[in-house]
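Asker: Right, I'll just put the structure down here and ask away after.
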2 protein chains.
Amino acid sequence: MVQLVGGDESHPAPRSADVARVAGVSRKTVSRVFNGEPYVSAEVRRRVLDAAEQLGYRLNNAARALASGRTRSIGVVTLGTAGYGPASLLVGVERAVRDTGYALRVVSTVEGDPAGVAGAVESLLGQGVDGIVISEPVDDGEVSVRVDVPVLFLGAPPAFAGRRTLTAGVGSDLLARAATEHLLDLGHATVHHLAGPRRWYAARDRLQGWRAVLAARGRSAPAAIEGDWSAASGYAAGRGLAYDSDVTAVFAAGDDMAIGLIRALTEAGRHVPDDVSVVGFDDMPVAAYVTPPLTTVRQPFDAAAKEGLKLLVHAIEKPEVDLPPAPDPPVELVVRASTAPPPSRTTPGTWASCDPSPRGGLHGPSISDGGLPAQR
Amino acid sequence: MVQLVGGDESHPAPRSADVARVAGVSRKTVSRVFNGEPYVSAEVRRRVLDAAEQLGYRLNNAARALASGRTRSIGVVTLGTAGYGPASLLVGVERAVRDTGYALRVVSTVEGDPAGVAGAVESLLGQGVDGIVISEPVDDGEVSVRVDVPVLFLGAPPAFAGRRTLTAGVGSDLLARAATEHLLDLGHATVHHLAGPRRWYAARDRLQGWRAVLAARGRSAPAAIEGDWSAASGYAAGRGLAYDSDVTAVFAAGDDMAIGLIRALTEAGRHVPDDVSVVGFDDMPVAAYVTPPLTTVRQPFDAAAKEGLKLLVHAIEKPEVDLPPAPDPPVELVVRASTAPPPSRTTPGTWASCDPSPRGGLHGPSISDGGLPAQR
DNA sequence: GTGAAAGCGCTAACAA
DNA sequence: TTGTTAGCGCTTTCAC
C-alpha cells in the first residue's frame with residue numbers, strides 16, 4: 001500500500017530560496033526551471049532539479065497564484081446527484097482537465113438549491129479559478145453573476161455561446177433524432193416520449209429532437225411525459241402508458257427511466273419489445289444486461305468534455321483568438337433487444353401467453369438474449 | 001438562465017485596501033470582518049460589508065492561503081470511473097466538504113495508472129490542500145509519499161488508521177455478512193461469492209465478511225470468483241456458475257455484477273430466484289426495477305463521507321485532540337425478489353420449462369413483479 | 001543566460 | 001475595539 005510518511009515536523013518545507021542556495025543559482029533561475037522557461041542551460045537546469053529532488057521541494061501554489069495572477073485551476077459546477085449522466089460528465093471533465101495541466105475544483109448544486117448555479121459560480125470565483133465549466137446546466141430563472149473568466153457550458157444548446165461563454169454539447173438533439181428515427185423506421189406509427197425535467201436544457205434538447213423528427217415525417221406528436229431521470233419516475237410513467245394500446249414505441253430520455261418504464265410495462269402484461277418498443281438514452285453499463293437488453297443511444301461524455309476543455313483552455317490562454325465551436329461527436333445508436341417492429345394490427349397482443357418460440361430477429365442486438373424462453 | 005456579466009475590463013478587481021478606504025477603516029479590520037473574527041463593532045462590520053458589496057469585493061484566496069498557511073481546501077483522490085460506488089462516494093464527499101466550509105480539489109486515478117494513488121496525492125499536495133481523502137483505496141504495491149497533512153481513507157479497513165491517518169468505512173465487512181447470512185437463513189447450504197478485484201480493499205473486506213459467516217456456521221466456502229465490478233464480468237462469471245447445479249446462492253460484491261450474473265443465469269435457463277438466489281451490493285437506483293428486483297445491501301455512502309470528513313476536519317483544525325473513530329453506520333439489507341429458499345432437492349430445476357403459475361411469495365419484495373408469467 | 005529588486009493581497013503578531 | 005508593521009513564497013520587470 002501507499003506509505004504515508006509524515007513530514008519532518010522539525011524542518012519547515014523548503015522554499016525556492018533553499019533550492020537556489022543548494023544549486024548555487026538565484027531564485028529566479030529556480031523559477032525558470034520549474035516553469036519550463038527557456039534560457040536556462042542544461043547544466044544549470046540539472047543542478048536545480050537535483051537540489052529540488054534532494055530537498056523534497058514542492059512549488060507553493062498559493063504564492064505562485066498570488067504572484068502570477070493565474071490560479072492554474074478550473075472549476076466545475078456539477079449536479080449533486082450520482083446519476084450516471086452527470087457522474088460520467090464529471091469524470092470526463094476531470095480527465096480532460098488533468099490533461100491540460102490545470103487543477104480541478106468542484107462545487108455541486110443540489111436540485112432546489114436556493115443559491116443554485118449562481119451560488120456555485122460565486123463560490124468557485126471566490127476559491128480562485130481561471131475558467132469555469134457548468135455541467136448539465138439547469139434553468140434557474142434569471143440570476144446574474146459577475147464573472148471575469150471564460151465559462152463553458154457542457155450539455156447545453158449552442159445558443160448559450162457568447163463573448164466569453166462557450167458550449168460543447170453531447171449533441172442531445174441529434175441523438176434524440178436517431179432514437180426516434182430508429183423507432184419510426186421499425187414501422188411504428190408514432191413514438192411517445194418520456195422526457196427529463198423541463199428545467200434541464202438537456203431534457204429540452206432531447207424533447208426537441210424527438211419532436212422535430214415526428215414533424216418532419218408528418219406524424220402526430222403525443223404529449224410528452226415528464227420524468228425526473230429516475231427509474232421510479234419511469235415506472236410511474238409506464239403504469240400510465242401500459243393501458244393505452246396505441247402506445248407501441250417509447251423513447252425515454254434516460255436509461256434509468258427506460259428501465260423503470262420497461263418494468264411497469266412488463267408488470268402490466270405488455271411485452272417489450274413485442275408489444276411496445278423502448279429506446280433509452282445514455283448507454284449506461286448495465287443497459288446491455290437488463291431484460292431485455294436495452295436499445296439506447298450512447299452519450300459521448302468523454303469526447304464532449306475533451307472538446308469543451310480544449311475550447312475553455314484556449315479561451316483562458318489566448319482570449320484574443322477565436323476558436324470554432326466543437327464539432328458534434330458522432331451519433332451512436334446501440335440497437336439491442338428492446339426494440340422491434342410494432343405488433344401486427346390483426347393480433348393485438350394484450351396479455352402475455354406462454355409461447356416458447358424464439359422471437360423474430362429483425363433487430364441486431366449486440367448481446368443476444370440467449371436461450372431465454374420468449375414470452376409474447 | 002444565469003446571466004454571466006463580464007467584469008469591467010477597465011477596472012482591476014478591488015482589494016481589501018479599497019474596501020478599507022471606502023469603509024474608513026484599516027485593512028486588518030476588513031480582514032477581521034471577512035474572517036468572522038470577534039472584536040469588531042456591529043457598526044463597523046456593517047460599513048465594511050456595505051463597502052465590499054458596493055465595490056463587488058471578493059477575498060483573494062491565493063493571498064489568503066499564502067499569508068495564513070492554510071488553503072482551506074481538501075483534496076480527494078477518486079477512481080476515474082463512473083461506477084456507481086465511487087461516484088456516489090465522491091458526491092457524498094463533495095457535500096460533506098462543502099458543509100465544512102472547505103473547498104474541494106479532485107484528482108482521479110485510472111486503473112493501471114503508473115503514478116497511481118501516490119501520484120495523485122503528490123499532485124494534490126502540489127496544488128495545496130489542508131487534508132486529503134482517498135476514496136476507495138486500491139493496493140498499489142509499496143509506494144511511499146511524504147505527506148504533511150492528515151489523510152482519510154474512505155472505504156478501507158480501520159487497520160489503516162495511523163498517526164495522522166484516519167479511516168471511515170461503509171462497513172463493507174458487516175454488510176457482506178448481512179448478505180451472506182440472509183442467504184443462509186433462507187436455507188441455502190452455502191453461498192458462492194462473486195468478488196471485486198482483489199486489489200481493492202473494499203473487495204477484500206466483502207470477501208472476508210462472506211468467509212467469516214461461512215466459517216462461523218461451519219459451511220464450506222467455495223472459491224470466490226473475481227470480477228471487475230462490471231456487469232460484463234458478472235455475466236462472464238454467471239456463464240461459469242450456471243452449469244454447476246450445486247450453486248443455489250450467490251453473493252455478488254456489486255449490483256452491476258449481480259445484474260450481469262442474473263442475465264447469464266437466466267439465459268442458461270436457471271431461474272432467479274427459484275433456482276438460484278442472488279444478492280447484490282450497493283442498492284443502486286435501478287436495482288429495484290430490474291428483473292427480478294434485486295435483493296441487495298445498501299451502502300451508506302453519505303453517512304460514511306460525512307463521518308469521515310468530520311474526523312478529517314477535526315484532525316486539520318485540532319490535531320492535538322484525538323477523536324474516536326467513526327461508528328459503523330447501520331446495516332441495511334434490502335430484500336427484494338432475487339432471493340428465495342433453495343429449490344427442493346427432489347425437483348432439481350435445471351432447464352427452463354414453461355409454467356405460468358406464480359411463484360411462492362416467501363420473500364418480501366419492495367416492488368412486486370406483478371403479472372409476469374413466471375418461468376422455472 | 002542569469003540575477004536583483006519590487007511587489008502580488010492577505011494575515012499574524014503586536015501595539016495602541 | 002482598532003491599527004501598524006512585517007512578512008508569506010513566488011513571479012515579474014528590468015538590468016547585467
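By order of appearance in the C-alpha cells: chains A, B, ..., then residues from 1 within every chain, and ligands from 1 in the order shown.
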Can you give me chain A superposed onto chain B, least-squares on all Cα in order, written as a tab-separated table (two decimals) with C-alpha atoms, in the first residue's frame?

Answerer:
chain	number	residue	atom	x	y	z
A	1	MET	CA	-30.82	31.23	-17.20
A	2	VAL	CA	-27.80	32.45	-15.37
A	3	GLN	CA	-26.53	35.62	-16.96
A	4	LEU	CA	-22.80	35.84	-16.93
A	5	VAL	CA	-21.89	39.45	-16.87
A	6	GLY	CA	-18.36	40.05	-17.97
A	7	GLY	CA	-16.26	41.92	-15.46
A	8	ASP	CA	-15.45	45.52	-16.37
A	9	GLU	CA	-12.20	45.04	-18.10
A	10	SER	CA	-11.30	48.62	-17.33
A	11	HIS	CA	-11.20	48.38	-13.54
A	12	PRO	CA	-9.13	45.80	-11.76
A	13	ALA	CA	-10.81	43.70	-9.10
A	14	PRO	CA	-11.16	45.59	-5.82
A	15	ARG	CA	-8.81	44.68	-2.97
A	16	SER	CA	-9.30	44.79	0.73
A	17	ALA	CA	-7.60	48.21	0.77
A	18	ASP	CA	-10.36	49.57	-1.44
A	19	VAL	CA	-13.02	48.25	0.85
A	20	ALA	CA	-11.17	49.69	3.82
A	21	ARG	CA	-11.00	53.09	2.19
A	22	VAL	CA	-14.67	53.17	1.28
A	23	ALA	CA	-15.69	51.95	4.72
A	24	GLY	CA	-13.28	54.31	6.40
A	25	VAL	CA	-11.47	51.62	8.35
A	26	SER	CA	-8.13	49.83	8.18
A	27	ARG	CA	-7.41	46.80	6.08
A	28	LYS	CA	-7.07	44.73	9.19
A	29	THR	CA	-10.63	45.50	10.14
A	30	VAL	CA	-11.85	44.38	6.76
A	31	SER	CA	-9.93	41.19	7.30
A	32	ARG	CA	-11.56	40.78	10.71
A	33	VAL	CA	-15.00	41.09	9.25
A	34	PHE	CA	-14.38	38.61	6.48
A	35	ASN	CA	-12.91	36.08	8.86
A	36	GLY	CA	-15.66	36.38	11.40
A	37	GLU	CA	-13.22	37.44	14.07
A	38	PRO	CA	-14.59	38.98	17.24
A	39	TYR	CA	-13.95	42.52	18.41
A	40	VAL	CA	-15.58	44.37	15.57
A	41	SER	CA	-18.49	46.62	16.45
A	42	ALA	CA	-21.74	45.85	14.68
A	43	GLU	CA	-21.66	49.30	13.19
A	44	VAL	CA	-18.25	48.91	11.65
A	45	ARG	CA	-19.05	45.44	10.44
A	46	ARG	CA	-22.04	46.77	8.55
A	47	ARG	CA	-20.07	49.56	6.99
A	48	VAL	CA	-17.47	47.09	5.80
A	49	LEU	CA	-20.03	44.68	4.41
A	50	ASP	CA	-21.79	47.49	2.59
A	51	ALA	CA	-18.61	48.78	1.08
A	52	ALA	CA	-17.65	45.28	-0.03
A	53	GLU	CA	-21.06	44.69	-1.56
A	54	GLN	CA	-20.96	47.98	-3.37
A	55	LEU	CA	-17.51	47.34	-4.76
A	56	GLY	CA	-18.20	43.71	-5.63
A	57	TYR	CA	-15.29	42.70	-3.45
A	58	ARG	CA	-14.21	39.10	-3.22
A	59	LEU	CA	-11.50	37.82	-0.94
A	60	ASN	CA	-8.42	36.70	-2.81
A	61	ASN	CA	-7.94	33.14	-1.85
A	62	ALA	CA	-4.35	32.82	-3.00
A	63	ALA	CA	-3.24	35.76	-0.93
A	64	ARG	CA	-5.11	34.46	2.02
A	65	ALA	CA	-3.59	31.02	1.71
A	66	LEU	CA	-0.14	32.47	1.33
A	67	ALA	CA	-0.43	34.68	4.35
A	68	SER	CA	-2.16	32.22	6.63
A	69	GLY	CA	-0.54	29.01	5.56
A	70	ARG	CA	-3.93	27.39	5.27
A	71	THR	CA	-5.49	26.68	1.91
A	72	ARG	CA	-8.95	25.89	3.21
A	73	SER	CA	-9.29	23.15	0.74
A	74	ILE	CA	-9.40	19.42	0.93
A	75	GLY	CA	-8.23	17.15	-1.83
A	76	VAL	CA	-9.80	13.90	-2.82
A	77	VAL	CA	-8.22	11.07	-4.73
A	78	THR	CA	-10.88	9.14	-6.55
A	79	LEU	CA	-11.12	6.40	-9.13
A	80	GLY	CA	-11.39	7.64	-12.67
A	81	THR	CA	-14.36	5.50	-13.49
A	82	ALA	CA	-18.00	6.36	-13.43
A	83	GLY	CA	-18.85	3.25	-11.44
A	84	TYR	CA	-21.76	3.79	-9.17
A	85	GLY	CA	-19.81	3.18	-5.99
A	86	PRO	CA	-16.90	5.56	-6.50
A	87	ALA	CA	-19.18	8.17	-8.06
A	88	SER	CA	-21.54	8.06	-5.11
A	89	LEU	CA	-18.71	8.37	-2.67
A	90	LEU	CA	-17.36	11.35	-4.55
A	91	VAL	CA	-20.73	13.03	-4.46
A	92	GLY	CA	-20.98	12.32	-0.76
A	93	VAL	CA	-17.54	13.75	-0.19
A	94	GLU	CA	-18.34	16.85	-2.14
A	95	ARG	CA	-21.40	17.53	-0.08
A	96	ALA	CA	-19.65	16.79	3.18
A	97	VAL	CA	-16.70	18.98	2.29
A	98	ARG	CA	-18.93	21.82	1.35
A	99	ASP	CA	-20.70	21.60	4.68
A	100	THR	CA	-17.39	22.02	6.43
A	101	GLY	CA	-16.62	25.25	4.60
A	102	TYR	CA	-13.64	23.86	2.78
A	103	ALA	CA	-13.20	23.84	-0.95
A	104	LEU	CA	-12.64	20.65	-2.87
A	105	ARG	CA	-9.85	19.64	-5.17
A	106	VAL	CA	-10.16	16.43	-7.11
A	107	VAL	CA	-7.61	14.18	-8.69
A	108	SER	CA	-8.52	10.86	-10.16
A	109	THR	CA	-6.42	7.84	-10.78
A	110	VAL	CA	-7.05	5.42	-13.56
A	111	GLU	CA	-6.68	1.70	-12.99
A	112	GLY	CA	-3.18	0.78	-13.98
A	113	ASP	CA	-1.94	4.32	-13.70
A	114	PRO	CA	1.80	4.08	-13.14
A	115	ALA	CA	1.84	7.04	-10.77
A	116	GLY	CA	-1.18	5.66	-8.97
A	117	VAL	CA	-2.41	6.92	-5.68
A	118	ALA	CA	1.02	8.19	-4.73
A	119	GLY	CA	1.14	10.39	-7.79
A	120	ALA	CA	-2.32	11.71	-7.09
A	121	VAL	CA	-1.40	12.57	-3.53
A	122	GLU	CA	1.72	14.36	-4.69
A	123	SER	CA	-0.33	16.33	-7.14
A	124	LEU	CA	-2.78	17.36	-4.47
A	125	LEU	CA	0.02	18.36	-2.15
A	126	GLY	CA	1.48	20.46	-4.91
A	127	GLN	CA	-1.86	22.17	-5.45
A	128	GLY	CA	-2.07	22.94	-1.77
A	129	VAL	CA	-4.59	21.19	0.44
A	130	ASP	CA	-5.07	21.04	4.19
A	131	GLY	CA	-6.23	17.45	4.18
A	132	ILE	CA	-6.60	14.52	1.82
A	133	VAL	CA	-9.32	11.97	1.27
A	134	ILE	CA	-8.44	8.76	-0.48
A	135	SER	CA	-11.61	7.21	-1.74
A	136	GLU	CA	-11.75	3.48	-2.32
A	137	PRO	CA	-8.07	2.82	-1.91
A	138	VAL	CA	-6.48	0.14	-4.00
A	139	ASP	CA	-3.37	-1.79	-3.15
A	140	ASP	CA	-0.67	-0.25	-5.28
A	141	GLY	CA	2.24	-2.11	-3.84
A	142	GLU	CA	4.74	-0.35	-1.67
A	143	VAL	CA	5.05	3.31	-2.43
A	144	SER	CA	5.84	6.04	-0.02
A	145	VAL	CA	4.86	9.66	-0.06
A	146	ARG	CA	5.85	12.39	2.31
A	147	VAL	CA	2.69	13.95	3.59
A	148	ASP	CA	2.30	16.69	6.12
A	149	VAL	CA	-1.48	16.87	6.26
A	150	PRO	CA	-3.97	14.41	7.71
A	151	VAL	CA	-5.27	11.73	5.38
A	152	LEU	CA	-8.62	9.99	5.45
A	153	PHE	CA	-9.10	6.60	3.86
A	154	LEU	CA	-12.69	6.16	2.83
A	155	GLY	CA	-13.72	2.59	2.32
A	156	ALA	CA	-10.69	0.92	3.78
A	157	PRO	CA	-10.33	-1.31	6.80
A	158	PRO	CA	-9.63	0.52	10.07
A	159	ALA	CA	-6.25	-1.17	10.09
A	160	PHE	CA	-5.07	1.80	8.09
A	161	ALA	CA	-5.54	4.21	10.92
A	162	GLY	CA	-2.32	5.79	12.06
A	163	ARG	CA	-0.87	8.92	13.48
A	164	ARG	CA	-2.45	11.37	11.10
A	165	THR	CA	-4.20	8.73	9.11
A	166	LEU	CA	-7.90	8.24	9.60
A	167	THR	CA	-10.41	5.79	8.24
A	168	ALA	CA	-14.12	5.77	7.84
A	169	GLY	CA	-15.70	2.81	6.22
A	170	VAL	CA	-18.95	1.96	4.73
A	171	GLY	CA	-18.71	-1.19	6.82
A	172	SER	CA	-18.25	-3.49	3.85
A	173	ASP	CA	-17.44	-6.37	6.08
A	174	LEU	CA	-20.67	-6.08	8.03
A	175	LEU	CA	-22.72	-5.56	4.92
A	176	ALA	CA	-21.21	-8.65	3.32
A	177	ARG	CA	-22.07	-10.64	6.41
A	178	ALA	CA	-25.66	-9.51	6.24
A	179	ALA	CA	-25.89	-10.56	2.61
A	180	THR	CA	-24.41	-13.96	3.28
A	181	GLU	CA	-26.53	-14.56	6.33
A	182	HIS	CA	-29.67	-13.66	4.46
A	183	LEU	CA	-28.91	-16.36	1.92
A	184	LEU	CA	-28.04	-18.92	4.54
A	185	ASP	CA	-31.18	-18.09	6.51
A	186	LEU	CA	-33.20	-18.79	3.42
A	187	GLY	CA	-31.94	-22.37	3.65
A	188	HIS	CA	-29.12	-22.45	1.15
A	189	ALA	CA	-26.39	-24.96	1.96
A	190	THR	CA	-23.67	-22.52	1.10
A	191	VAL	CA	-23.15	-19.25	-0.74
A	192	HIS	CA	-20.88	-18.59	-3.67
A	193	HIS	CA	-19.12	-15.25	-3.95
A	194	LEU	CA	-18.46	-13.11	-6.95
A	195	ALA	CA	-15.82	-10.75	-5.62
A	196	GLY	CA	-14.35	-7.47	-6.81
A	197	PRO	CA	-10.73	-7.17	-7.89
A	198	ARG	CA	-8.45	-8.31	-5.10
A	199	ARG	CA	-6.42	-5.13	-5.30
A	200	TRP	CA	-9.35	-3.23	-3.82
A	201	TYR	CA	-9.58	-3.14	-0.09
A	202	ALA	CA	-13.33	-2.90	-0.40
A	203	ALA	CA	-13.35	-6.17	-2.31
A	204	ARG	CA	-11.16	-7.84	0.29
A	205	ASP	CA	-13.41	-6.63	3.03
A	206	ARG	CA	-16.49	-8.12	1.46
A	207	LEU	CA	-14.73	-11.35	0.73
A	208	GLN	CA	-13.68	-11.57	4.32
A	209	GLY	CA	-17.16	-10.89	5.65
A	210	TRP	CA	-18.58	-13.58	3.43
A	211	ARG	CA	-15.95	-16.07	4.50
A	212	ALA	CA	-16.39	-15.27	8.15
A	213	VAL	CA	-20.09	-16.06	8.09
A	214	LEU	CA	-19.56	-19.31	6.23
A	215	ALA	CA	-16.91	-20.34	8.73
A	216	ALA	CA	-19.03	-19.34	11.71
A	217	ARG	CA	-21.84	-21.54	10.48
A	218	GLY	CA	-19.59	-24.39	9.57
A	219	ARG	CA	-20.34	-24.24	5.88
A	220	SER	CA	-17.86	-25.04	3.17
A	221	ALA	CA	-16.58	-21.96	1.41
A	222	PRO	CA	-16.40	-22.36	-2.36
A	223	ALA	CA	-13.60	-20.58	-4.16
A	224	ALA	CA	-14.53	-16.98	-4.80
A	225	ILE	CA	-14.67	-15.75	-8.38
A	226	GLU	CA	-12.93	-12.49	-9.12
A	227	GLY	CA	-14.75	-9.95	-11.24
A	228	ASP	CA	-13.89	-6.36	-12.08
A	229	TRP	CA	-17.15	-4.77	-10.84
A	230	SER	CA	-18.57	-4.63	-14.35
A	231	ALA	CA	-21.77	-6.27	-15.49
A	232	ALA	CA	-19.70	-7.90	-18.20
A	233	SER	CA	-17.53	-9.63	-15.64
A	234	GLY	CA	-20.63	-10.75	-13.78
A	235	TYR	CA	-21.97	-12.17	-16.98
A	236	ALA	CA	-18.78	-14.06	-17.61
A	237	ALA	CA	-18.81	-15.46	-14.10
A	238	GLY	CA	-22.44	-16.44	-14.51
A	239	ARG	CA	-21.73	-18.51	-17.57
A	240	GLY	CA	-19.35	-20.58	-15.52
A	241	LEU	CA	-21.61	-20.90	-12.51
A	242	ALA	CA	-24.74	-21.74	-14.46
A	243	TYR	CA	-23.77	-25.29	-15.25
A	244	ASP	CA	-22.86	-26.21	-11.72
A	245	SER	CA	-26.14	-27.36	-10.24
A	246	ASP	CA	-24.69	-27.14	-6.74
A	247	VAL	CA	-24.82	-23.40	-7.02
A	248	THR	CA	-28.06	-22.16	-5.49
A	249	ALA	CA	-26.96	-18.87	-3.97
A	250	VAL	CA	-24.49	-16.23	-5.08
A	251	PHE	CA	-23.45	-13.07	-3.32
A	252	ALA	CA	-22.04	-10.56	-5.80
A	253	ALA	CA	-19.85	-7.75	-4.48
A	254	GLY	CA	-21.56	-5.19	-6.69
A	255	ASP	CA	-24.95	-4.65	-8.28
A	256	ASP	CA	-23.54	-4.33	-11.78
A	257	MET	CA	-21.91	-7.71	-11.44
A	258	ALA	CA	-25.10	-9.13	-9.99
A	259	ILE	CA	-27.10	-7.92	-12.95
A	260	GLY	CA	-24.65	-9.42	-15.43
A	261	LEU	CA	-24.66	-12.62	-13.42
A	262	ILE	CA	-28.42	-12.87	-13.43
A	263	ARG	CA	-28.51	-12.39	-17.16
A	264	ALA	CA	-26.05	-15.20	-17.71
A	265	LEU	CA	-27.94	-17.52	-15.38
A	266	THR	CA	-31.23	-16.71	-17.03
A	267	GLU	CA	-29.83	-17.26	-20.49
A	268	ALA	CA	-28.58	-20.63	-19.37
A	269	GLY	CA	-32.07	-21.52	-18.22
A	270	ARG	CA	-31.42	-21.18	-14.53
A	271	HIS	CA	-34.18	-19.12	-13.06
A	272	VAL	CA	-33.50	-16.42	-10.49
A	273	PRO	CA	-34.54	-16.79	-7.72
A	274	ASP	CA	-36.23	-20.17	-8.07
A	275	ASP	CA	-33.09	-22.02	-9.09
A	276	VAL	CA	-30.45	-19.61	-7.93
A	277	SER	CA	-30.68	-16.69	-5.51
A	278	VAL	CA	-28.51	-13.64	-6.10
A	279	VAL	CA	-27.68	-10.82	-3.72
A	280	GLY	CA	-26.02	-7.68	-4.97
A	281	PHE	CA	-24.16	-4.88	-3.26
A	282	ASP	CA	-24.69	-1.09	-3.43
A	283	ASP	CA	-28.42	-0.77	-4.06
A	284	MET	CA	-27.97	1.33	-7.11
A	285	PRO	CA	-31.10	3.10	-8.30
A	286	VAL	CA	-31.96	0.63	-11.03
A	287	ALA	CA	-31.64	-2.35	-8.72
A	288	ALA	CA	-35.34	-2.19	-7.85
A	289	TYR	CA	-36.37	-2.17	-11.49
A	290	VAL	CA	-34.35	-4.89	-13.14
A	291	THR	CA	-35.82	-8.34	-13.58
A	292	PRO	CA	-36.07	-9.73	-11.02
A	293	PRO	CA	-35.79	-6.79	-8.65
A	294	LEU	CA	-32.47	-7.22	-6.93
A	295	THR	CA	-31.98	-8.07	-3.31
A	296	THR	CA	-28.95	-6.09	-2.27
A	297	VAL	CA	-27.24	-4.34	0.60
A	298	ARG	CA	-27.25	-0.61	0.53
A	299	GLN	CA	-23.95	1.17	0.92
A	300	PRO	CA	-24.16	4.17	3.23
A	301	PHE	CA	-21.99	6.40	1.08
A	302	ASP	CA	-23.24	9.67	2.40
A	303	ALA	CA	-23.02	8.70	6.02
A	304	ALA	CA	-19.50	7.42	5.57
A	305	ALA	CA	-18.38	10.56	3.78
A	306	LYS	CA	-19.92	12.77	6.39
A	307	GLU	CA	-18.45	10.91	9.33
A	308	GLY	CA	-15.09	10.68	7.66
A	309	LEU	CA	-14.97	14.36	6.91
A	310	LYS	CA	-15.87	15.27	10.41
A	311	LEU	CA	-12.83	13.31	11.51
A	312	LEU	CA	-10.61	14.84	8.89
A	313	VAL	CA	-11.58	18.41	9.59
A	314	HIS	CA	-11.06	17.78	13.26
A	315	ALA	CA	-7.60	16.43	12.57
A	316	ILE	CA	-6.83	19.52	10.51
A	317	GLU	CA	-8.08	22.02	13.01
A	318	LYS	CA	-7.39	20.42	16.35
A	319	PRO	CA	-4.57	17.97	15.74
A	320	GLU	CA	-3.86	17.66	19.42
A	321	VAL	CA	-7.24	16.20	20.38
A	322	ASP	CA	-7.90	12.65	19.28
A	323	LEU	CA	-11.38	11.74	18.17
A	324	PRO	CA	-12.79	8.22	18.39
A	325	PRO	CA	-13.14	6.48	15.02
A	326	ALA	CA	-16.44	6.84	13.22
A	327	PRO	CA	-19.08	4.33	14.24
A	328	ASP	CA	-20.16	1.80	11.65
A	329	PRO	CA	-23.34	2.98	9.97
A	330	PRO	CA	-26.40	0.74	10.23
A	331	VAL	CA	-26.64	-2.22	7.88
A	332	GLU	CA	-29.45	-2.04	5.39
A	333	LEU	CA	-30.31	-5.22	3.55
A	334	VAL	CA	-32.93	-4.54	0.91
A	335	VAL	CA	-34.79	-7.73	0.22
A	336	ARG	CA	-36.43	-7.83	-3.18
A	337	ALA	CA	-37.20	-10.66	-5.53
A	338	SER	CA	-33.85	-12.09	-6.51
A	339	THR	CA	-33.56	-14.30	-3.46
A	340	ALA	CA	-35.68	-17.23	-2.36
A	341	PRO	CA	-35.28	-20.54	-0.60
A	342	PRO	CA	-33.25	-23.09	-2.55
A	343	PRO	CA	-35.12	-25.41	-4.92
A	344	SER	CA	-36.27	-28.52	-3.14
A	345	ARG	CA	-33.89	-31.41	-3.70
A	346	THR	CA	-36.62	-33.59	-5.14
A	347	THR	CA	-37.40	-31.36	-8.09
A	348	PRO	CA	-34.13	-30.03	-9.38
A	349	GLY	CA	-35.21	-27.34	-11.78
A	350	THR	CA	-32.75	-27.34	-14.56
A	351	TRP	CA	-34.57	-26.09	-17.57
A	352	ALA	CA	-37.25	-23.53	-17.77
A	353	SER	CA	-40.79	-24.67	-18.34
A	354	CYS	CA	-43.77	-22.52	-18.81
A	355	ASP	CA	-45.88	-22.32	-15.71
A	356	PRO	CA	-47.85	-19.17	-15.11
A	357	SER	CA	-48.50	-19.84	-11.43
A	358	PRO	CA	-47.20	-17.08	-9.24
A	359	ARG	CA	-44.22	-17.97	-7.20
A	360	GLY	CA	-44.24	-18.26	-3.43
A	361	GLY	CA	-44.01	-15.01	-1.55
A	362	LEU	CA	-41.67	-15.97	1.24
A	363	HIS	CA	-39.43	-13.02	0.74
A	364	GLY	CA	-40.65	-9.52	1.22
A	365	PRO	CA	-39.90	-7.53	-1.90
A	366	SER	CA	-39.99	-3.75	-1.68
A	367	ILE	CA	-41.33	-3.69	-5.17
A	368	SER	CA	-43.66	-6.47	-6.16
A	369	ASP	CA	-43.01	-7.88	-9.55
A	370	GLY	CA	-46.64	-7.53	-10.37
A	371	GLY	CA	-48.54	-9.45	-12.93
A	372	LEU	CA	-45.52	-10.98	-14.60
A	373	PRO	CA	-46.18	-14.55	-15.58
A	374	ALA	CA	-43.66	-16.46	-13.54
A	375	GLN	CA	-41.31	-18.95	-15.06
A	376	ARG	CA	-39.78	-21.87	-13.32

Asker: Per residue of chain D within 8 Å of chain B, which atom pair is closest and at what distance in Å (one decimal), using only C-alpha atoms (C1' of nucleotides), listed by chain and increasing number, as a tab-separated table?

Answerer:
residue	atom	partner	partner_atom	distance
D:DT1	C1'	B:Tyr39	CA	5.7
D:DT2	C1'	B:Thr29	CA	7.2
D:DG3	C1'	B:Ser26	CA	6.4
D:DC8	C1'	B:Ala67	CA	4.5
D:DG9	C1'	B:Leu66	CA	7.5

Asker: Mind giving me the straight-line distance from atom C1' of C:DT11 to atom C1' of D:DT11 in Å, one decimal?

Answerer: 20.7 Å

Asker: Dump as a PyMOL selection string the residues of chain C that approach chain A to within 8 Å, counting only C-alpha atoms (C1' of nucleotides).

Answerer: chain C and resi 1-3+8-9

Asker: Produce a file of the selected residues containing N, CA and C atoms (P, O5', C5', C4', C3', O3' and C1' of nucleotides), as a tab-separated table (two decimals), in the first residue's frame.

Answerer:
chain	number	residue	atom	x	y	z
C	1	DG	P	21.92	30.73	-24.46
C	1	DG	O5'	22.12	30.08	-23.07
C	1	DG	C5'	21.23	30.45	-22.03
C	1	DG	C4'	22.15	30.91	-20.94
C	1	DG	C3'	21.60	30.71	-19.56
C	1	DG	O3'	22.63	30.32	-18.68
C	1	DG	C1'	21.92	33.02	-19.95
C	2	DT	P	22.28	29.84	-17.23
C	2	DT	O5'	22.06	31.16	-16.40
C	2	DT	C5'	23.21	31.78	-15.83
C	2	DT	C4'	22.83	33.10	-15.21
C	2	DT	C3'	21.98	33.00	-13.95
C	2	DT	O3'	22.87	33.11	-12.84
C	2	DT	C1'	21.45	34.89	-15.31
C	3	DG	P	22.31	33.09	-11.37
C	3	DG	O5'	21.97	34.64	-11.13
C	3	DG	C5'	23.02	35.57	-11.13
C	3	DG	C4'	22.48	36.96	-10.84
C	3	DG	C3'	21.71	37.06	-9.53
C	3	DG	O3'	22.19	38.22	-8.86
C	3	DG	C1'	20.39	37.91	-11.28
C	8	DC	P	1.53	45.52	-5.63
C	8	DC	O5'	0.98	44.04	-5.85
C	8	DC	C5'	0.76	43.47	-7.14
C	8	DC	C4'	0.35	42.03	-6.97
C	8	DC	C3'	-0.70	41.83	-5.89
C	8	DC	O3'	-1.98	41.73	-6.54
C	8	DC	C1'	1.10	40.21	-5.70
C	9	DG	P	-3.14	42.80	-6.17
C	9	DG	O5'	-3.73	42.22	-4.81
C	9	DG	C5'	-4.32	40.92	-4.82
C	9	DG	C4'	-4.44	40.44	-3.39
C	9	DG	C3'	-5.22	41.39	-2.47
C	9	DG	O3'	-6.22	40.62	-1.84
C	9	DG	C1'	-3.18	40.77	-1.48
